[in-house]
$ cat input_0.cif   # mmCIF, C-alpha atoms
data_my_file
loop_
_atom_site.label_atom_id
_atom_site.label_comp_id
_atom_site.auth_asym_id
_atom_site.auth_seq_id
_atom_site.Cartn_x
_atom_site.Cartn_y
_atom_site.Cartn_z
CA MET A 41 -25.74 35.68 15.70
CA SER A 42 -22.32 36.85 16.91
CA SER A 43 -22.30 34.01 19.45
CA ILE A 44 -22.92 31.43 16.69
CA GLN A 45 -20.21 32.97 14.52
CA HIS A 46 -17.83 32.94 17.48
CA ARG A 47 -18.49 29.22 18.01
CA LYS A 48 -17.95 28.50 14.32
CA SER A 49 -14.69 30.43 14.41
CA LYS A 50 -13.54 28.49 17.47
CA LEU A 51 -14.52 25.21 15.84
CA LYS A 52 -12.67 26.11 12.64
CA GLN A 53 -9.54 27.01 14.64
CA PHE A 54 -9.75 23.71 16.52
CA TYR A 55 -10.00 21.64 13.34
CA LYS A 56 -7.15 23.62 11.80
CA TRP A 57 -5.01 22.99 14.86
CA ARG A 58 -5.99 19.32 14.90
CA LEU A 59 -5.04 18.80 11.24
CA SER A 60 -1.73 20.59 11.80
CA TYR A 61 -1.05 18.41 14.85
CA LEU A 62 -1.86 15.17 13.00
CA TYR A 63 0.29 16.18 10.03
CA ASP A 64 3.29 16.97 12.26
CA LEU A 65 2.76 13.75 14.20
CA LEU A 66 2.55 11.71 10.99
CA ARG A 67 5.74 13.28 9.70
CA GLU A 68 7.63 12.58 12.93
CA LEU A 69 6.39 8.99 13.15
CA VAL A 70 7.31 8.30 9.51
CA ASN A 71 10.78 9.78 10.11
CA ARG A 72 11.13 7.58 13.19
CA GLU A 73 10.03 4.52 11.21
CA MET A 74 12.54 5.20 8.44
CA LYS A 75 15.38 5.69 10.94
CA LEU A 76 14.51 2.49 12.82
CA LEU A 77 14.34 0.49 9.59
CA TYR A 78 17.82 1.48 8.47
CA LYS A 79 19.57 2.13 11.78
CA ARG A 80 23.21 0.93 11.59
CA SER A 81 22.60 -0.32 8.07
CA VAL A 82 25.42 0.01 5.54
CA LEU A 83 23.19 -0.13 2.47
CA GLY A 84 20.33 1.88 4.00
CA VAL A 85 17.34 2.33 1.71
CA ALA A 86 18.99 0.07 -0.85
CA TRP A 87 17.80 -2.90 1.22
CA MET A 88 14.27 -1.96 0.22
CA LEU A 89 15.18 -2.54 -3.44
CA LEU A 90 17.15 -5.72 -2.85
CA ASN A 91 14.17 -8.08 -2.56
CA PRO A 92 12.30 -6.95 -5.73
CA LEU A 93 15.56 -6.84 -7.69
CA LEU A 94 16.44 -10.40 -6.68
CA GLN A 95 12.93 -11.54 -7.56
CA LEU A 96 13.23 -9.74 -10.87
CA ALA A 97 16.49 -11.56 -11.61
CA VAL A 98 14.84 -14.93 -10.90
CA PHE A 99 11.72 -14.13 -12.95
CA SER A 100 13.79 -12.82 -15.86
CA PHE A 101 15.86 -16.00 -15.96
CA VAL A 102 12.97 -18.44 -15.53
CA PHE A 103 10.48 -16.77 -17.86
CA ARG A 104 12.96 -15.77 -20.53
CA PHE A 105 15.26 -18.78 -20.75
CA VAL A 106 13.35 -21.66 -19.13
CA LEU A 107 9.67 -21.14 -19.90
CA SER A 108 10.17 -18.54 -22.66
CA VAL A 109 7.23 -16.24 -21.94
CA ASN A 110 6.71 -13.88 -24.87
CA ILE A 111 6.11 -10.54 -23.12
CA PRO A 112 7.66 -7.37 -24.59
CA GLN A 113 9.85 -5.30 -22.27
CA TYR A 114 9.67 -8.11 -19.72
CA THR A 115 12.13 -6.51 -17.28
CA SER A 116 10.01 -3.37 -17.00
CA PHE A 117 6.84 -5.45 -17.02
CA ALA A 118 7.91 -7.62 -14.08
CA PHE A 119 9.67 -4.90 -12.08
CA SER A 120 6.69 -2.52 -12.24
CA GLY A 121 4.42 -5.28 -10.94
CA LEU A 122 6.89 -6.17 -8.18
CA LEU A 123 7.15 -2.57 -6.95
CA VAL A 124 3.37 -2.14 -6.80
CA TRP A 125 2.95 -5.46 -5.02
CA THR A 126 5.84 -4.83 -2.59
CA TRP A 127 4.24 -1.60 -1.40
CA PHE A 128 0.89 -3.33 -0.88
CA ASN A 129 2.32 -6.51 0.65
CA THR A 130 4.81 -4.90 3.04
CA SER A 131 2.43 -2.17 4.19
CA LEU A 132 -0.44 -4.56 4.85
CA PHE A 133 1.70 -7.11 6.69
CA GLN A 134 3.41 -4.51 8.88
CA ALA A 135 0.19 -2.59 9.53
CA THR A 136 -1.41 -5.79 10.85
CA GLY A 137 1.07 -5.86 13.73
CA VAL A 138 1.53 -2.11 14.13
CA ILE A 139 -0.54 -1.83 17.34
CA ILE A 140 1.31 -4.61 19.12
CA SER A 141 4.71 -3.23 18.08
CA ASN A 142 3.87 0.25 19.42
CA ARG A 143 2.72 -0.58 22.96
CA PRO A 144 4.35 2.53 24.57
CA LEU A 145 2.50 4.87 22.21
CA ILE A 146 -0.83 3.06 22.61
CA ARG A 147 -0.63 3.37 26.39
CA GLN A 148 -0.20 7.15 26.23
CA PRO A 149 -3.51 8.91 27.07
CA GLY A 150 -4.98 10.79 24.14
CA PHE A 151 -2.67 9.31 21.53
CA PRO A 152 -4.51 9.01 18.15
CA ASN A 153 -4.16 5.27 17.53
CA ALA A 154 -5.69 5.53 14.06
CA ILE A 155 -2.58 7.27 12.76
CA LEU A 156 -0.34 4.20 13.17
CA PRO A 157 -1.64 2.21 10.13
CA VAL A 158 -1.36 5.44 8.12
CA VAL A 159 2.30 5.71 9.15
CA THR A 160 3.00 2.20 7.88
CA VAL A 161 1.29 2.72 4.51
CA THR A 162 2.95 6.14 4.10
CA THR A 163 6.36 4.60 4.74
CA GLY A 164 5.59 2.06 2.01
CA LEU A 165 4.61 4.90 -0.32
CA ILE A 166 7.94 6.64 0.31
CA HIS A 167 9.79 3.43 -0.54
CA PHE A 168 7.72 3.11 -3.70
CA ILE A 169 8.54 6.66 -4.78
CA LEU A 170 12.25 6.15 -4.05
CA ALA A 171 12.22 3.05 -6.26
CA LEU A 172 10.58 4.81 -9.22
CA PRO A 173 13.90 6.16 -10.66
CA ILE A 174 15.18 2.57 -10.84
CA LEU A 175 12.02 1.59 -12.72
CA VAL A 176 12.50 4.52 -15.10
CA ILE A 177 16.03 3.26 -15.82
CA PHE A 178 14.63 -0.18 -16.70
CA LEU A 179 11.99 1.48 -18.90
CA LEU A 180 14.64 3.43 -20.81
CA ILE A 181 16.83 0.34 -21.21
CA ASP A 182 13.82 -1.54 -22.62
CA GLY A 183 13.23 1.27 -25.11
CA VAL A 184 10.01 2.53 -23.52
CA GLN A 185 9.25 6.17 -24.20
CA LEU A 186 7.47 7.85 -21.30
CA GLN A 187 4.25 9.51 -22.38
CA PRO A 188 2.34 12.49 -20.88
CA VAL A 189 -0.12 10.06 -19.21
CA ILE A 190 2.59 9.51 -16.60
CA ILE A 191 1.12 12.53 -14.80
CA LEU A 192 -1.74 10.18 -13.81
CA LEU A 193 0.65 8.29 -11.54
CA PRO A 194 -0.33 10.23 -8.37
CA ILE A 195 -3.98 9.24 -8.94
CA LEU A 196 -3.03 5.56 -9.00
CA GLN A 197 -0.87 6.03 -5.89
CA ALA A 198 -3.72 7.75 -4.05
CA LEU A 199 -6.10 4.94 -4.97
CA GLN A 200 -3.64 2.24 -3.90
CA PHE A 201 -3.01 4.11 -0.64
CA SER A 202 -6.76 4.22 0.08
CA VAL A 203 -7.27 0.53 -0.76
CA THR A 204 -4.34 -0.50 1.45
CA ILE A 205 -5.29 1.65 4.44
CA SER A 206 -8.91 0.45 4.38
CA LEU A 207 -7.68 -3.15 4.72
CA ALA A 208 -4.93 -2.16 7.18
CA TYR A 209 -7.42 -0.70 9.66
CA ILE A 210 -9.45 -3.92 9.75
CA LEU A 211 -6.43 -6.18 10.12
CA ALA A 212 -4.64 -4.00 12.70
CA GLY A 213 -7.72 -4.02 14.92
CA LEU A 214 -8.33 -7.74 14.57
CA ASN A 215 -4.70 -8.69 15.24
CA VAL A 216 -4.83 -7.26 18.75
CA ILE A 217 -7.72 -9.58 19.66
CA PHE A 218 -6.81 -12.53 17.41
CA ARG A 219 -3.00 -12.80 17.33
CA ASP A 220 -3.10 -15.34 14.51
CA THR A 221 -4.25 -12.60 12.11
CA GLN A 222 -0.72 -11.53 11.15
CA HIS A 223 0.37 -15.11 10.47
CA THR A 224 -2.79 -15.75 8.44
CA ILE A 225 -2.42 -12.59 6.38
CA GLY A 226 1.18 -13.54 5.60
CA VAL A 227 0.01 -16.82 4.06
CA LEU A 228 -2.86 -15.13 2.19
CA LEU A 229 -0.57 -12.43 0.77
CA GLN A 230 1.79 -15.12 -0.50
CA LEU A 231 -1.18 -16.80 -2.19
CA PHE A 232 -2.44 -13.57 -3.75
CA PHE A 233 1.08 -12.81 -5.01
CA TYR A 234 0.71 -15.71 -7.44
CA LEU A 235 -2.92 -14.79 -8.18
CA THR A 236 -1.86 -11.33 -9.29
CA PRO A 237 -0.39 -10.92 -12.82
CA ILE A 238 3.01 -9.73 -11.67
CA PHE A 239 5.24 -12.01 -13.74
CA TYR A 240 2.64 -13.08 -16.32
CA GLU A 241 -0.08 -11.48 -18.43
CA ILE A 242 -3.72 -11.57 -17.31
CA THR A 243 -4.56 -12.80 -20.82
CA ASN A 244 -2.70 -16.03 -20.02
CA VAL A 245 -5.34 -16.87 -17.42
CA PRO A 246 -8.13 -19.11 -18.80
CA LYS A 247 -11.26 -17.06 -19.51
CA ASN A 248 -13.31 -19.20 -17.12
CA TYR A 249 -11.17 -17.93 -14.23
CA GLN A 250 -10.61 -14.32 -15.28
CA PHE A 251 -13.80 -13.14 -13.53
CA PHE A 252 -12.38 -14.30 -10.17
CA TYR A 253 -9.06 -12.65 -10.97
CA TYR A 254 -10.76 -9.31 -11.54
CA LEU A 255 -12.21 -9.44 -8.01
CA ASN A 256 -8.63 -8.90 -6.84
CA PRO A 257 -8.10 -5.09 -6.65
CA MET A 258 -4.37 -5.49 -7.20
CA VAL A 259 -5.04 -6.88 -10.68
CA HIS A 260 -6.58 -3.56 -11.72
CA LEU A 261 -3.89 -1.49 -10.01
CA VAL A 262 -0.97 -3.40 -11.52
CA THR A 263 -2.62 -3.23 -14.95
CA ALA A 264 -3.24 0.51 -14.56
CA TYR A 265 0.38 1.25 -13.58
CA ARG A 266 1.64 -0.69 -16.60
CA ALA A 267 -0.76 1.12 -18.91
CA VAL A 268 0.56 4.49 -17.75
CA LEU A 269 4.26 3.61 -17.49
CA ILE A 270 4.89 1.03 -20.22
CA LYS A 271 2.10 1.32 -22.79
CA GLY A 272 1.72 5.10 -22.47
CA THR A 273 -2.08 4.84 -22.50
CA PRO A 274 -4.74 5.88 -19.97
CA PRO A 275 -5.81 3.16 -17.52
CA ASP A 276 -9.21 1.48 -17.47
CA TRP A 277 -11.16 4.32 -15.83
CA ILE A 278 -14.31 2.25 -15.30
CA ALA A 279 -12.42 -0.38 -13.29
CA LEU A 280 -10.65 2.31 -11.26
CA LEU A 281 -13.92 4.16 -10.64
CA VAL A 282 -15.53 0.98 -9.33
CA MET A 283 -12.50 0.45 -7.08
CA ALA A 284 -12.72 4.01 -5.81
CA LEU A 285 -16.43 3.64 -4.99
CA VAL A 286 -15.88 0.32 -3.20
CA THR A 287 -12.96 1.83 -1.27
CA ALA A 288 -15.08 4.86 -0.32
CA VAL A 289 -17.48 2.41 1.33
CA PHE A 290 -14.91 0.13 2.96
CA LEU A 291 -12.55 2.82 4.28
CA PRO A 292 -15.05 4.27 6.81
CA ILE A 293 -16.10 0.72 7.74
CA GLY A 294 -12.49 -0.29 8.32
CA LEU A 295 -11.83 2.82 10.39
CA GLN A 296 -14.96 2.20 12.47
CA ILE A 297 -13.96 -1.43 13.12
CA PHE A 298 -10.53 -0.16 14.20
CA ARG A 299 -12.10 2.36 16.58
CA TRP A 300 -14.39 -0.28 18.09
CA GLN A 301 -11.40 -2.48 18.78
CA SER A 302 -9.27 0.44 20.03
CA ASP A 303 -11.23 0.54 23.29
CA ARG A 304 -9.65 -2.81 24.12
CA PHE A 305 -6.11 -2.09 22.94
CA VAL A 306 -4.64 -1.16 26.32
CA GLU A 307 -6.44 -4.05 28.02
CA GLU A 308 -5.24 -6.61 25.47
CA LEU A 309 -1.69 -5.27 25.34
#
$ encode --input "input_0.cif" --output "structure tokens"
Amino acid sequence: MSSIQHRKSKLKQFYKWRLSYLYDLLRELVNREMKLLYKRSVLGVAWMLLNPLLQLAVFSFVFRFVLSVNIPQYTSFAFSGLLVWTWFNTSLFQATGVIISNRPLIRQPGFPNAILPVVTVTTGLIHFILALPILVIFLLIDGVQLQPVIILLPILQALQFSVTISLAYILAGLNVIFRDTQHTIGVLLQLFFYLTPIFYEITNVPKNYQFFYYLNPMVHLVTAYRAVLIKGTPPDWIALLVMALVTAVFLPIGLQIFRWQSDRFVEEL
């Protein structure tokens, strides 16, 4: 019995050490990614906000003064959607090419390749969190009163993180073998940008097409963020629960596909 307990103790210590090692490695790689992104940059992290702010300016002009879309608190409405989409879009696109762009690390024996897509999505999460104060300013300007349901925000972030990383694993593995994957995903993300209610309401979509819209997970996430931040109401828990269950199935599948492909990474690179 003492021998079994000794083995369990050793195993527990190993897993504890392994988790500590992966956490420290993730932190260092994210720090490296942030430094590389803004090395010798005058504006620094502000560049991350520049694109959504410019898009917001265009949308506000077009849909307020040209097409006259009647959406209350439109600035907050559009900017919240843009921030959620930017995290998803940037993380997924960069994660697709993360193996190819990290050849030196991949060629190191024993390096945990599976951490690289996590680094990319985590970096996107940090950018999202840094942009939240700007969104809060827009909310206050639009007269939105933040409600206690805002404490649900970490749940939405965790769900979006899981959805993004499950797709990132599949695409990162495929891109090493099929180099057109990153170019293809760039086109598809541009398409899904317009098929996601970022600058318009989902209710504006004809009912015959709404079923296909709801197959897009970003529709539910964007709607949930707006419910919590702008409307001050709980999100649609049934839709989020379905998303969580689907993600719980696809995340291990995506990771397994990534691991199958990882045996060929060094050879292909």
$ residues_around --input "input_0.cif" --residues "Leu89 in chain A" --least-positions-apart "4" --cutoff "10 Å" --atoms "only C-alpha atoms" --output "PyMOL selection string"
chain A and resi 85+93-94+123+126+167-168+170-171+174
$ resolve_selection --input "input_0.cif" --expression "the PyMOL selection byres ((chain A and resi 185) around 9)" --output "compact mmCIF listing (two decimals) with C-alpha atoms, in the frame of the given file"
# COMPACT_ATOMS: atom_id res chain seq x y z
CA LEU A 179 11.99 1.48 -18.90
CA LEU A 180 14.64 3.43 -20.81
CA GLY A 183 13.23 1.27 -25.11
CA VAL A 184 10.01 2.53 -23.52
CA LEU A 186 7.47 7.85 -21.30
CA GLN A 187 4.25 9.51 -22.38
CA LEU A 269 4.26 3.61 -17.49
CA ILE A 270 4.89 1.03 -20.22
CA LYS A 271 2.10 1.32 -22.79
CA GLY A 272 1.72 5.10 -22.47
$ resolve_selection --input "input_0.cif" --expression "the PyMOL selection byres ((chain A and resi 254) around 12)" --output "JSON list (two decimals) with C-alpha atoms, in the frame of the given file"
[["chain", "number", "residue", "atom", "x", "y", "z"],
["A", 235, "LEU", "CA", -2.92, -14.79, -8.18],
["A", 236, "THR", "CA", -1.86, -11.33, -9.29],
["A", 237, "PRO", "CA", -0.39, -10.92, -12.82],
["A", 242, "ILE", "CA", -3.72, -11.57, -17.31],
["A", 243, "THR", "CA", -4.56, -12.80, -20.82],
["A", 245, "VAL", "CA", -5.34, -16.87, -17.42],
["A", 247, "LYS", "CA", -11.26, -17.06, -19.51],
["A", 248, "ASN", "CA", -13.31, -19.20, -17.12],
["A", 249, "TYR", "CA", -11.17, -17.93, -14.23],
["A", 250, "GLN", "CA", -10.61, -14.32, -15.28],
["A", 251, "PHE", "CA", -13.80, -13.14, -13.53],
["A", 252, "PHE", "CA", -12.38, -14.30, -10.17],
["A", 253, "TYR", "CA", -9.06, -12.65, -10.97],
["A", 255, "LEU", "CA", -12.21, -9.44, -8.01],
["A", 256, "ASN", "CA", -8.63, -8.90, -6.84],
["A", 257, "PRO", "CA", -8.10, -5.09, -6.65],
["A", 258, "MET", "CA", -4.37, -5.49, -7.20],
["A", 259, "VAL", "CA", -5.04, -6.88, -10.68],
["A", 260, "HIS", "CA", -6.58, -3.56, -11.72],
["A", 261, "LEU", "CA", -3.89, -1.49, -10.01],
["A", 262, "VAL", "CA", -0.97, -3.40, -11.52],
["A", 263, "THR", "CA", -2.62, -3.23, -14.95],
["A", 279, "ALA", "CA", -12.42, -0.38, -13.29],
["A", 280, "LEU", "CA", -10.65, 2.31, -11.26],
["A", 282, "VAL", "CA", -15.53, 0.98, -9.33],
["A", 283, "MET", "CA", -12.50, 0.45, -7.08]]
$ atom_distance --input "input_0.cif" --atom1 "CA of Arg304 in chain A" --atom2 "CA of Ile146 in chain A"
10.7 Å
$ closest_residue --input "input_0.cif" --among "A:Gly226, A:Pro173, A:Gly213, A:Gly164" --to "Phe128 in chain A" --atoms "all atoms listed in the file"
A:Gly164
$ atom_distance --input "input_0.cif" --atom1 "CA of Pro194 in chain A" --atom2 "CA of Ala267 in chain A"
13.9 Å
$ atom_distance --input "input_0.cif" --atom1 "CA of Phe99 in chain A" --atom2 "CA of Ile111 in chain A"
12.2 Å
$ closest_residue --input "input_0.cif" --among "A:Ile297, A:Val289, A:Ile238, A:Leu65" --to "Phe117 in chain A" --atoms "all atoms listed in the file"
A:Ile238
$ resolve_selection --input "input_0.cif" --expression "the PyMOL selection byres ((chain A and resi 157) around 9)" --output "mmCIF file with C-alpha atoms, in the frame of the given file"
data_model
loop_
_atom_site.group_PDB
_atom_site.id
_atom_site.type_symbol
_atom_site.label_atom_id
_atom_site.label_comp_id
_atom_site.auth_asym_id
_atom_site.auth_seq_id
_atom_site.Cartn_x
_atom_site.Cartn_y
_atom_site.Cartn_z
ATOM 1 C CA SER A 131 2.430 -2.170 4.190
ATOM 2 C CA LEU A 132 -0.440 -4.560 4.850
ATOM 3 C CA GLN A 134 3.410 -4.510 8.880
ATOM 4 C CA ALA A 135 0.190 -2.590 9.530
ATOM 5 C CA THR A 136 -1.410 -5.790 10.850
ATOM 6 C CA VAL A 138 1.530 -2.110 14.130
ATOM 7 C CA ILE A 139 -0.540 -1.830 17.340
ATOM 8 C CA ASN A 153 -4.160 5.270 17.530
ATOM 9 C CA ALA A 154 -5.690 5.530 14.060
ATOM 10 C CA ILE A 155 -2.580 7.270 12.760
ATOM 11 C CA LEU A 156 -0.340 4.200 13.170
ATOM 12 C CA VAL A 158 -1.360 5.440 8.120
ATOM 13 C CA VAL A 159 2.300 5.710 9.150
ATOM 14 C CA THR A 160 3.000 2.200 7.880
ATOM 15 C CA VAL A 161 1.290 2.720 4.510
ATOM 16 C CA THR A 162 2.950 6.140 4.100
ATOM 17 C CA ILE A 205 -5.290 1.650 4.440
ATOM 18 C CA ALA A 208 -4.930 -2.160 7.180
ATOM 19 C CA TYR A 209 -7.420 -0.700 9.660
ATOM 20 C CA ALA A 212 -4.640 -4.000 12.700
#
$ closest_residue --input "input_0.cif" --among "A:Leu62, A:Ile293, A:Leu229, A:Leu69" --to "Asn142 in chain A" --atoms "all atoms listed in the file"
A:Leu69
$ closest_residue --input "input_0.cif" --among "A:Phe178, A:Thr130, A:Asn215, A:Ile278" --to "Gln230 in chain A" --atoms "all atoms listed in the file"
A:Thr130
$ closest_residue --input "input_0.cif" --among "A:Gly150, A:Pro112, A:Thr204, A:Ala97" --to "Gly294 in chain A" --atoms "all atoms listed in the file"
A:Thr204
$ closest_residue --input "input_0.cif" --among "A:Val286, A:Phe119, A:Val124, A:Asn110" --to "Ser206 in chain A" --atoms "only C-alpha atoms"
A:Val286
$ residues_around --input "input_0.cif" --residues "Pro274 in chain A" --least-positions-apart "6" --cutoff "9 Å" --atoms "all atoms listed in the file" --output "compact mmCIF listing (two decimals) with C-alpha atoms, in the frame of the given file"
# COMPACT_ATOMS: atom_id res chain seq x y z
CA VAL A 189 -0.12 10.06 -19.21
CA ILE A 190 2.59 9.51 -16.60
CA LEU A 192 -1.74 10.18 -13.81
CA ALA A 264 -3.24 0.51 -14.56
CA ALA A 267 -0.76 1.12 -18.91
CA VAL A 268 0.56 4.49 -17.75
